[in-house]
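K.L.:
This is coords28.tsv, which holds TSV, C-alpha atoms:
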chain	number	residue	atom	x	y	z
M	235	MET	CA	-9.81	8.00	-5.05
M	236	PRO	CA	-10.11	9.30	-1.49
M	237	ARG	CA	-9.87	13.05	-1.02
M	238	LYS	CA	-6.49	14.24	0.18
M	239	PRO	CA	-6.51	15.17	3.86
M	240	SER	CA	-7.13	18.90	4.40
M	241	TYR	CA	-3.88	19.45	6.33
M	242	ASP	CA	-2.05	18.87	3.05
M	243	ARG	CA	-3.99	21.70	1.50
M	244	GLU	CA	-3.37	23.93	4.53
M	245	ASP	CA	0.33	23.20	4.25
M	246	LEU	CA	0.37	24.04	0.52
M	247	ILE	CA	-1.40	27.33	1.21
M	248	ARG	CA	1.12	28.08	3.98
M	249	ARG	CA	4.07	27.51	1.66
M	250	ALA	CA	2.47	29.69	-1.02
M	251	ARG	CA	1.69	32.34	1.63
M	252	ASP	CA	5.32	32.51	2.73
M	253	MET	CA	6.45	32.97	-0.86
M	254	PHE	CA	3.85	35.67	-1.60
M	255	TRP	CA	4.58	37.38	1.75
M	256	LYS	CA	8.30	37.56	1.01
M	257	GLN	CA	8.38	38.13	-2.75
M	258	GLY	CA	5.09	39.90	-3.38
M	259	TRP	CA	2.43	39.22	-5.99
M	260	ALA	CA	4.42	40.24	-9.09
M	261	GLY	CA	7.59	38.64	-7.70
M	262	THR	CA	5.90	35.21	-7.49
M	263	SER	CA	5.16	33.51	-10.80
M	264	LEU	CA	2.87	30.57	-11.42
M	265	LYS	CA	6.04	28.61	-12.24
M	266	ASN	CA	7.57	29.56	-8.84
M	267	LEU	CA	4.41	28.34	-7.12
M	268	GLU	CA	4.19	25.07	-9.03
M	269	SER	CA	7.82	24.39	-8.22
M	270	THR	CA	7.52	25.28	-4.49
M	271	LEU	CA	4.30	23.29	-4.07
M	272	HIS	CA	5.56	20.39	-6.22
M	273	LEU	CA	2.40	20.57	-8.34
M	274	LYS	CA	2.07	20.13	-12.08
M	275	PRO	CA	0.09	22.88	-13.85
M	276	GLY	CA	-3.01	20.66	-14.12
M	277	SER	CA	-2.91	19.76	-10.41
M	278	PHE	CA	-2.35	23.39	-9.47
M	279	TYR	CA	-5.36	24.44	-11.48
M	280	ALA	CA	-7.51	21.67	-10.01
M	281	ALA	CA	-6.45	22.51	-6.46
M	282	PHE	CA	-6.53	26.32	-6.52
M	283	GLY	CA	-7.85	27.56	-9.85
M	284	SER	CA	-5.49	30.52	-10.25
M	285	LYS	CA	-2.61	32.45	-8.69
M	286	ASP	CA	-5.05	35.13	-7.48
M	287	ALA	CA	-7.37	32.58	-5.88
M	288	LEU	CA	-4.40	31.04	-4.05
M	289	TYR	CA	-3.16	34.51	-3.02
M	290	GLN	CA	-6.57	35.21	-1.49
M	291	LEU	CA	-6.44	31.93	0.47
M	292	ALA	CA	-2.92	32.91	1.61
M	293	LEU	CA	-4.19	36.30	2.85
M	294	ASP	CA	-7.03	34.58	4.72
M	295	GLN	CA	-4.61	32.15	6.34
M	296	TYR	CA	-2.25	35.02	7.26
M	297	ALA	CA	-5.13	36.93	8.88
M	298	ALA	CA	-6.37	33.81	10.72
M	299	ASP	CA	-2.84	33.17	12.07
M	300	SER	CA	-2.53	36.82	13.19
M	301	THR	CA	-5.86	36.60	15.00
M	302	ALA	CA	-4.80	33.34	16.66
M	303	THR	CA	-1.47	34.89	17.74
M	304	LEU	CA	-3.28	37.82	19.31
M	305	ALA	CA	-5.73	35.50	21.08
M	306	ALA	CA	-2.84	33.42	22.46
M	307	LEU	CA	-1.05	36.58	23.68
M	308	GLU	CA	-4.28	37.75	25.34
M	309	HIS	CA	-4.71	34.37	27.00
M	310	SER	CA	-1.23	34.51	28.54
M	311	HIS	CA	-0.76	38.26	29.11
M	312	GLY	CA	-4.28	39.78	29.28
M	313	PRO	CA	-5.57	42.48	26.89
M	314	LEU	CA	-3.04	45.26	27.64
M	315	GLY	CA	-0.22	42.71	27.91
M	316	ALA	CA	-1.13	41.31	24.49
M	317	LEU	CA	-1.02	44.76	22.88
M	318	GLN	CA	2.34	45.39	24.55
M	319	ALA	CA	3.82	42.02	23.56
M	320	LEU	CA	2.75	42.08	19.91
M	321	PRO	CA	5.28	44.65	18.55
M	322	ARG	CA	8.22	42.62	19.83
M	323	HIS	CA	6.58	39.35	18.78
M	324	VAL	CA	6.15	40.40	15.12
M	325	ILE	CA	9.72	41.59	14.67
M	326	GLU	CA	11.31	38.65	16.50
M	327	ASN	CA	9.30	35.83	14.91
M	328	GLU	CA	12.11	33.77	13.38
M	329	THR	CA	9.77	31.58	11.34
M	330	ALA	CA	8.22	34.53	9.45
M	331	PRO	CA	9.58	35.08	5.91
M	332	ALA	CA	9.47	38.88	6.37
M	333	ARG	CA	9.15	41.46	9.15
M	334	ALA	CA	6.74	43.66	7.20
M	335	CYS	CA	3.02	42.87	7.37
M	336	MET	CA	1.78	40.83	4.38
M	337	LEU	CA	-1.52	42.77	4.34
M	338	ALA	CA	0.32	46.11	4.12
M	339	LYS	CA	2.68	44.80	1.43
M	340	THR	CA	-0.30	43.57	-0.59
M	341	LEU	CA	-2.08	46.90	-0.25
M	342	LEU	CA	1.02	48.85	-1.35
M	343	GLU	CA	1.74	46.62	-4.32
M	344	LEU	CA	-1.77	46.07	-5.66
M	345	SER	CA	-3.95	49.08	-4.82
M	346	PRO	CA	-2.26	51.25	-7.53
M	347	HIS	CA	-3.50	48.69	-10.06
M	348	GLY	CA	-7.02	48.60	-8.59
M	349	HIS	CA	-6.54	44.87	-7.96
M	350	PRO	CA	-9.34	43.26	-5.88
M	351	LEU	CA	-6.75	41.58	-3.62
M	352	ALA	CA	-5.82	45.05	-2.30
M	353	ASP	CA	-9.40	45.50	-1.07
M	354	HIS	CA	-9.32	42.02	0.38
M	355	ALA	CA	-6.12	42.83	2.31
M	356	ASN	CA	-7.62	46.10	3.55
M	357	GLY	CA	-10.68	44.21	4.81
M	358	HIS	CA	-8.38	42.06	6.96
M	359	LEU	CA	-6.53	45.17	8.20
M	360	THR	CA	-9.86	46.67	9.24
M	361	ARG	CA	-10.85	43.52	11.12
M	362	MET	CA	-7.45	43.53	12.90
M	363	GLU	CA	-8.02	47.18	13.80
M	364	HIS	CA	-11.38	46.21	15.36
M	365	ARG	CA	-9.68	43.40	17.25
M	366	PHE	CA	-7.13	45.91	18.64
M	367	ALA	CA	-10.01	48.20	19.65
M	368	ASP	CA	-11.64	45.29	21.51
M	369	LEU	CA	-8.42	44.74	23.46
M	370	PHE	CA	-8.08	48.47	24.28
M	371	GLY	CA	-11.72	48.42	25.49
M	372	LYS	CA	-11.05	45.39	27.68
M	373	ALA	CA	-7.90	47.04	29.10
M	374	GLN	CA	-10.01	50.10	29.94
M	375	ALA	CA	-12.62	47.92	31.65
M	376	LYS	CA	-9.80	46.49	33.78
M	377	GLY	CA	-8.66	50.02	34.71
M	378	GLN	CA	-5.32	49.59	32.90
M	379	ILE	CA	-5.90	52.45	30.43
M	380	ASP	CA	-7.61	55.83	30.91
M	381	THR	CA	-11.25	55.57	29.77
M	382	SER	CA	-11.24	59.13	28.38
M	383	HIS	CA	-9.80	57.77	25.08
M	384	ASP	CA	-11.93	56.16	22.39
M	385	PRO	CA	-10.65	52.57	22.00
M	386	ARG	CA	-11.12	52.88	18.23
M	387	GLY	CA	-8.81	55.90	18.16
M	388	LEU	CA	-6.20	54.06	20.22
M	389	ALA	CA	-6.44	51.11	17.81
M	390	ARG	CA	-6.12	53.40	14.76
M	391	ARG	CA	-2.86	54.87	16.05
M	392	TYR	CA	-1.50	51.59	17.42
M	393	GLN	CA	-1.99	49.73	14.15
M	394	SER	CA	-0.31	52.50	12.16
M	395	ASP	CA	2.72	52.54	14.48
M	396	LEU	CA	2.90	48.75	14.25
M	397	LEU	CA	2.93	48.89	10.42
M	398	GLY	CA	5.73	51.48	10.60
M	399	LEU	CA	7.71	49.33	13.01
M	400	ARG	CA	7.38	46.28	10.78
M	401	ILE	CA	8.66	48.17	7.74
M	402	SER	CA	11.48	49.76	9.72
M	403	ALA	CA	12.46	46.28	10.94
M	404	GLU	CA	13.23	45.36	7.31
M	405	ARG	CA	16.02	47.95	7.32
M	406	PRO	CA	19.53	46.69	8.02
M	407	ASN	CA	20.98	48.37	11.15
M	408	TYR	CA	17.61	49.74	12.31
M	409	ASP	CA	17.07	49.28	16.07
M	410	ALA	CA	13.55	47.85	15.80
M	411	ALA	CA	13.70	46.38	19.33
M	412	ALA	CA	14.02	49.91	20.78
M	413	THR	CA	11.01	51.16	18.79
M	414	ALA	CA	8.96	48.06	19.73
M	415	LEU	CA	9.73	48.72	23.42
M	416	GLU	CA	8.69	52.36	23.12
M	417	ILE	CA	5.39	51.44	21.46
M	418	ALA	CA	4.71	48.95	24.28
M	419	GLN	CA	5.66	51.47	27.00
M	420	SER	CA	3.55	54.26	25.49
M	421	LEU	CA	0.41	52.11	25.93
M	422	SER	CA	0.54	52.17	29.71
M	423	GLN	CA	0.83	55.97	29.60
M	424	VAL	CA	-2.47	56.65	27.82
F	163	MET	CA	23.77	68.97	-32.10
F	164	PRO	CA	23.47	71.06	-28.93
F	165	ARG	CA	22.91	69.18	-25.70
F	166	LYS	CA	19.30	69.26	-24.49
F	167	PRO	CA	18.77	71.62	-21.57
F	168	SER	CA	19.06	69.83	-18.23
F	169	TYR	CA	15.55	70.82	-17.10
F	170	ASP	CA	14.23	68.46	-19.77
F	171	ARG	CA	16.17	65.65	-18.19
F	172	GLU	CA	14.98	66.59	-14.69
F	173	ASP	CA	11.41	66.57	-15.95
F	174	LEU	CA	11.85	63.14	-17.56
F	175	ILE	CA	13.27	61.78	-14.31
F	176	ARG	CA	10.35	63.30	-12.40
F	177	ARG	CA	7.80	61.61	-14.66
F	178	ALA	CA	9.61	58.29	-14.33
F	179	ARG	CA	9.83	58.78	-10.56
F	180	ASP	CA	6.08	59.29	-10.27
F	181	MET	CA	5.44	56.12	-12.25
F	182	PHE	CA	7.93	54.05	-10.20
F	183	TRP	CA	6.62	55.57	-6.95
F	184	LYS	CA	3.03	54.63	-7.77
F	185	GLN	CA	3.44	51.32	-9.62
F	186	GLY	CA	6.66	49.95	-8.16
F	187	TRP	CA	9.69	48.51	-9.89
F	188	ALA	CA	8.08	45.31	-11.26
F	189	GLY	CA	4.88	47.17	-12.12
F	190	THR	CA	6.76	49.56	-14.44
F	191	SER	CA	8.05	48.08	-17.68
F	192	LEU	CA	10.61	49.57	-20.02
F	193	LYS	CA	7.74	49.92	-22.51
F	194	ASN	CA	5.68	51.90	-19.92
F	195	LEU	CA	8.64	54.21	-19.38
F	196	GLU	CA	9.36	54.76	-23.07
F	197	SER	CA	5.70	55.57	-23.62
F	198	THR	CA	5.40	57.95	-20.63
F	199	LEU	CA	8.66	59.73	-21.48
F	200	HIS	CA	7.93	59.76	-25.23
F	201	LEU	CA	11.33	58.20	-25.93
F	202	LYS	CA	12.22	55.56	-28.50
F	203	PRO	CA	14.23	52.61	-27.12
F	204	GLY	CA	17.49	54.01	-28.59
F	205	SER	CA	16.92	57.44	-27.07
F	206	PHE	CA	15.97	55.91	-23.72
F	207	TYR	CA	19.17	53.89	-23.71
F	208	ALA	CA	21.28	56.91	-24.69
F	209	ALA	CA	19.68	59.09	-22.01
F	210	PHE	CA	19.51	56.69	-19.06
F	211	GLY	CA	21.20	53.40	-19.95
F	212	SER	CA	18.72	51.09	-18.19
F	213	LYS	CA	15.53	50.93	-16.14
F	214	ASP	CA	17.57	50.38	-12.96
F	215	ALA	CA	19.83	53.37	-13.67
F	216	LEU	CA	16.74	55.56	-14.17
F	217	TYR	CA	15.14	54.12	-11.01
F	218	GLN	CA	18.24	55.13	-9.06
F	219	LEU	CA	18.06	58.68	-10.46
F	220	ALA	CA	14.37	58.72	-9.49
F	221	LEU	CA	15.22	57.69	-5.91
F	222	ASP	CA	17.87	60.41	-5.73
F	223	GLN	CA	15.42	63.01	-6.97
F	224	TYR	CA	12.78	61.80	-4.50
F	225	ALA	CA	15.26	62.09	-1.63
F	226	ALA	CA	16.44	65.54	-2.77
F	227	ASP	CA	12.82	66.74	-2.94
F	228	SER	CA	12.11	65.35	0.54
F	229	THR	CA	15.17	67.13	1.94
F	230	ALA	CA	14.10	70.38	0.23
F	231	THR	CA	10.56	70.06	1.65
F	232	LEU	CA	11.93	69.59	5.15
F	233	ALA	CA	14.27	72.58	4.76
F	234	ALA	CA	11.35	74.75	3.56
F	235	LEU	CA	9.21	73.64	6.52
F	236	GLU	CA	12.07	74.42	8.90
F	237	HIS	CA	12.50	77.85	7.31
F	238	SER	CA	8.84	78.74	7.88
F	239	HIS	CA	8.05	76.82	11.10
F	240	GLY	CA	11.38	76.26	12.88
F	241	PRO	CA	12.81	72.80	13.72
F	242	LEU	CA	10.02	71.49	15.99
F	243	GLY	CA	7.36	73.09	13.77
F	244	ALA	CA	8.83	71.34	10.72
F	245	LEU	CA	8.72	67.93	12.43
F	246	GLN	CA	5.12	68.63	13.49
F	247	ALA	CA	4.03	69.86	10.04
F	248	LEU	CA	5.59	67.02	8.01
F	249	PRO	CA	3.10	64.20	8.85
F	250	ARG	CA	0.15	66.24	7.63
F	251	HIS	CA	2.14	67.55	4.65
F	252	VAL	CA	3.02	64.07	3.31
F	253	ILE	CA	-0.53	62.73	3.48
F	254	GLU	CA	-2.16	65.89	2.07
F	255	ASN	CA	0.25	66.52	-0.83
F	256	GLU	CA	-2.19	66.40	-3.75
F	257	THR	CA	0.57	66.31	-6.39
F	258	ALA	CA	2.15	63.11	-5.01
F	259	PRO	CA	1.27	59.90	-6.91
F	260	ALA	CA	1.06	57.92	-3.64
F	261	ARG	CA	0.80	58.54	0.10
F	262	ALA	CA	3.31	55.80	0.98
F	263	CYS	CA	7.03	56.68	0.97
F	264	MET	CA	8.81	55.68	-2.25
F	265	LEU	CA	11.94	54.67	-0.31
F	266	ALA	CA	9.92	52.31	1.93
F	267	LYS	CA	8.04	50.85	-1.06
F	268	THR	CA	11.36	50.22	-2.83
F	269	LEU	CA	12.84	48.54	0.23
F	270	LEU	CA	9.79	46.27	0.66
F	271	GLU	CA	9.65	45.29	-2.98
F	272	LEU	CA	13.34	44.81	-3.76
F	273	SER	CA	15.17	43.75	-0.58
F	274	PRO	CA	13.74	40.17	-0.76
F	275	HIS	CA	15.47	39.86	-4.14
F	276	GLY	CA	18.76	41.31	-2.82
F	277	HIS	CA	18.46	44.07	-5.44
F	278	PRO	CA	21.06	46.89	-5.04
F	279	LEU	CA	18.28	49.52	-5.34
F	280	ALA	CA	16.95	48.35	-1.95
F	281	ASP	CA	20.29	49.28	-0.36
F	282	HIS	CA	20.25	52.56	-2.20
F	283	ALA	CA	16.75	53.35	-0.85
F	284	ASN	CA	17.85	52.41	2.66
F	285	GLY	CA	20.83	54.78	2.39
F	286	HIS	CA	18.40	57.63	1.69
F	287	LEU	CA	16.18	56.55	4.62
F	288	THR	CA	19.22	56.66	6.89
F	289	ARG	CA	20.16	60.16	5.70
F	290	MET	CA	16.56	61.31	6.31
F	291	GLU	CA	16.74	59.80	9.80
F	292	HIS	CA	19.91	61.85	10.45
F	293	ARG	CA	18.16	64.95	9.17
F	294	PHE	CA	15.28	64.33	11.61
F	295	ALA	CA	17.82	63.88	14.42
F	296	ASP	CA	19.38	67.27	13.49
F	297	LEU	CA	15.96	68.91	13.81
F	298	PHE	CA	15.25	67.22	17.17
F	299	GLY	CA	18.68	68.44	18.38
F	300	LYS	CA	17.92	72.00	17.24
F	301	ALA	CA	14.50	71.87	18.96
F	302	GLN	CA	16.24	70.77	22.15
F	303	ALA	CA	18.73	73.65	21.86
F	304	LYS	CA	15.75	75.99	21.65
F	305	GLY	CA	14.25	74.46	24.81
F	306	GLN	CA	11.24	73.07	22.90
F	307	ILE	CA	11.96	69.42	23.72
F	308	ASP	CA	13.33	67.81	26.89
F	309	THR	CA	17.10	67.32	26.51
F	310	SER	CA	17.05	64.03	28.42
F	311	HIS	CA	16.18	62.21	25.17
F	312	ASP	CA	18.78	61.23	22.57
F	313	PRO	CA	17.82	63.08	19.35
F	314	ARG	CA	18.79	59.96	17.38
F	315	GLY	CA	16.31	57.88	19.38
F	316	LEU	CA	13.57	60.45	18.82
F	317	ALA	CA	14.35	60.41	15.08
F	318	ARG	CA	14.31	56.58	14.99
F	319	ARG	CA	10.79	56.45	16.47
F	320	TYR	CA	9.49	59.47	14.54
F	321	GLN	CA	10.55	58.09	11.16
F	322	SER	CA	9.00	54.70	11.89
F	323	ASP	CA	5.68	56.30	12.91
F	324	LEU	CA	5.78	58.44	9.78
F	325	LEU	CA	6.28	55.36	7.55
F	326	GLY	CA	3.32	53.71	9.30
F	327	LEU	CA	1.15	56.80	8.81
F	328	ARG	CA	2.00	56.96	5.12
F	329	ILE	CA	1.04	53.32	4.57
F	330	SER	CA	-2.13	53.70	6.62
F	331	ALA	CA	-3.03	56.73	4.51
F	332	GLU	CA	-3.22	54.40	1.48
F	333	ARG	CA	-6.17	52.61	3.13
F	334	PRO	CA	-9.64	53.70	2.09
F	335	ASN	CA	-11.62	55.03	5.09
F	336	TYR	CA	-8.54	55.31	7.33
F	337	ASP	CA	-8.51	58.57	9.32
F	338	ALA	CA	-4.89	59.50	8.54
F	339	ALA	CA	-5.43	63.15	9.50
F	340	ALA	CA	-6.18	62.08	13.09
F	341	THR	CA	-3.02	59.95	13.28
F	342	ALA	CA	-0.92	62.76	11.73
F	343	LEU	CA	-2.24	65.17	14.36
F	344	GLU	CA	-1.43	62.75	17.18
F	345	ILE	CA	2.14	62.24	15.90
F	346	ALA	CA	2.58	66.05	15.77
F	347	GLN	CA	1.10	66.55	19.25
F	348	SER	CA	3.19	63.80	20.82
F	349	LEU	CA	6.39	65.67	19.84
F	350	SER	CA	5.71	68.59	22.17
F	351	GLN	CA	5.17	66.14	25.04
F	352	VAL	CA	8.63	64.55	24.95
Please lay out the structure from this file as structure tokens.
P.N.:
Amino acid sequence: MPRKPSYDREDLIRRARDMFWKQGWAGTSLKNLESTLHLKPGSFYAAFGSKDALYQLALDQYAADSTATLAALEHSHGPLGALQALPRHVIENETAPARACMLAKTLLELSPHGHPLADHANGHLTRMEHRFADLFGKAQAKGQIDTSHDPRGLARRYQSDLLGLRISAERPNYDAAATALEIAQSLSQV
Amino acid sequence: MPRKPSYDREDLIRRARDMFWKQGWAGTSLKNLESTLHLKPGSFYAAFGSKDALYQLALDQYAADSTATLAALEHSHGPLGALQALPRHVIENETAPARACMLAKTLLELSPHGHPLADHANGHLTRMEHRFADLFGKAQAKGQIDTSHDPRGLARRYQSDLLGLRISAERPNYDAAATALEIAQSLSQV
């Protein structure tokens, strides 16, 4: 039998990712996954092995998509423009199943249990932080940001504010657009 | 039989709160609670009715403690000093079972399921936001902060940054003290 095309698998991981992202690890049962992916238990096991293995693939896909989004924003807006556009982009993305960051949600849910997926999520957060630092460094090289600041320090603060924004955006009646604008504006003042 | 003194009940709620705060709603079973509180199922039911009823009491106690902390900081440091001291206080509190805010964790875990406790947590977040706005208003009246800003807008941004800090502080190797200092310093520049 020919192997199924890989885009099928990517699509299955994407659907699982959206469910995990919205409902969390404990809030998503194997039964939920089998039903959403239209897979029988045997097929699920053959394709992904376990819920945790699929969750890890979902985290990797989430991180790859985030990196691609940032690269696309840099391509169209430049390094500083990308950092300024991202806050609004993440809270206005209508196709996302949640406003909050999936990596942060995973860390909060699973690190108290010492679950390896929490470390895996933190690894992706650290790589995103480095990516932000790269963009701050490029913006400095272009003379758009004062070079007296360490790009890694700017990235540390920026990422934290972004995580706060994304949680706040889950609150009904919270004016997340105003906070996103302020984060963007504060970048051209450093 | 005489009624048990109320401090016993407060202490039971505190122990449940710490477990919910650390492990989350799904990560805390009725069996976990009965074991931690040394209560038999019948006694648990008589004292609290249900896990959700106890979770709500735990949220209320968490919010009351947060309000008391802020009032104590205001008493010793004044309104601006309290807002500047809080970021460091929340990440350095050694007795807390988690760095992340219990209200934010509750919102993230339970709002996707439309659980009423998510609304309850958001109500407390909104009251905290108003409390922050009061302090910003008092700091303005003292001439410590520019009066051209709306205290409610300052509170909206401050609370979001604080939630981000508290999540970031859950990450191993994240320099939360540096971010807490920057949040505090930025307040005297507005």
K.L.:
With only C-alpha atoms considered, list every residue of chain F at most 10 Å from chain M, as number ranges by chain.
P.N.:
F: 183-189, 259-262, 266-267, 269-275, 280-281, 283-285, 287-288, 315-316, 318-338, 340-342, 344-345
K.L.:
At a cut-off of 12 Å, using all atoms listed in the file, what residues contact segment 293-295 of chain M? Leave out same-chain residues fewer than 3 positions from it and give the result as a ChimeraX atom specification.
P.N.:
/M:243-255,258-259,286-290,298-302,335-341,351-359,361
K.L.:
Go ahead and compute the interatomic distance for atom CA of Ala375 of chain M and atom CA of Pro321 of chain M, in Å to one decimal.
P.N.:
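Here the two named atoms are 22.4 Å from each other.
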K.L.:
Could you check how far atom CA of Leu248 of chain F sits from atom CA of Thr309 of chain F, in Å to one decimal?
P.N.:
21.8 Å
K.L.:
Which is closest to Phe298 of chain F among F:Gln246, F:Phe210, F:His251, F:Ser238, if we use only C-alpha atoms?
P.N.:
F:Gln246
K.L.:
Which value, in Å to one decimal, gives the distance between atom CA of Ala317 of chain F and atom CA of Phe294 of chain F?
P.N.:
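So the two atoms, atom CA of Ala317 of chain F and atom CA of Phe294 of chain F, lie 5.3 Å apart.
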K.L.:
Padding 3 Å on each side, edges along x, y and z: where is the centre of the box around the listed atoms of segment 246-262 of chain F, and how long are its edges in Å to one decimal? Output it as AutoDock Vina command-line options.
P.N.:
--center_x 1.7 --center_y 62.8 --center_z 3.3 --size_x 13.8 --size_y 20.1 --size_z 26.4
K.L.:
Pull the neighbourhood of (6.8, 67.1, 21.0) for me: all residues within 10 Å in file coordinates, counting all atoms listed in the file, as a list in words.
P.N.:
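Applying the cut-off with all atoms listed in the file, one gets Leu242, Gly243, Leu245, Gln246, Phe298, Ala301, Gln306, Ile307, Asp308, Leu316, Ile345, Ala346, Gln347, Ser348, Leu349, Ser350, Gln351 and Val352 of chain F.
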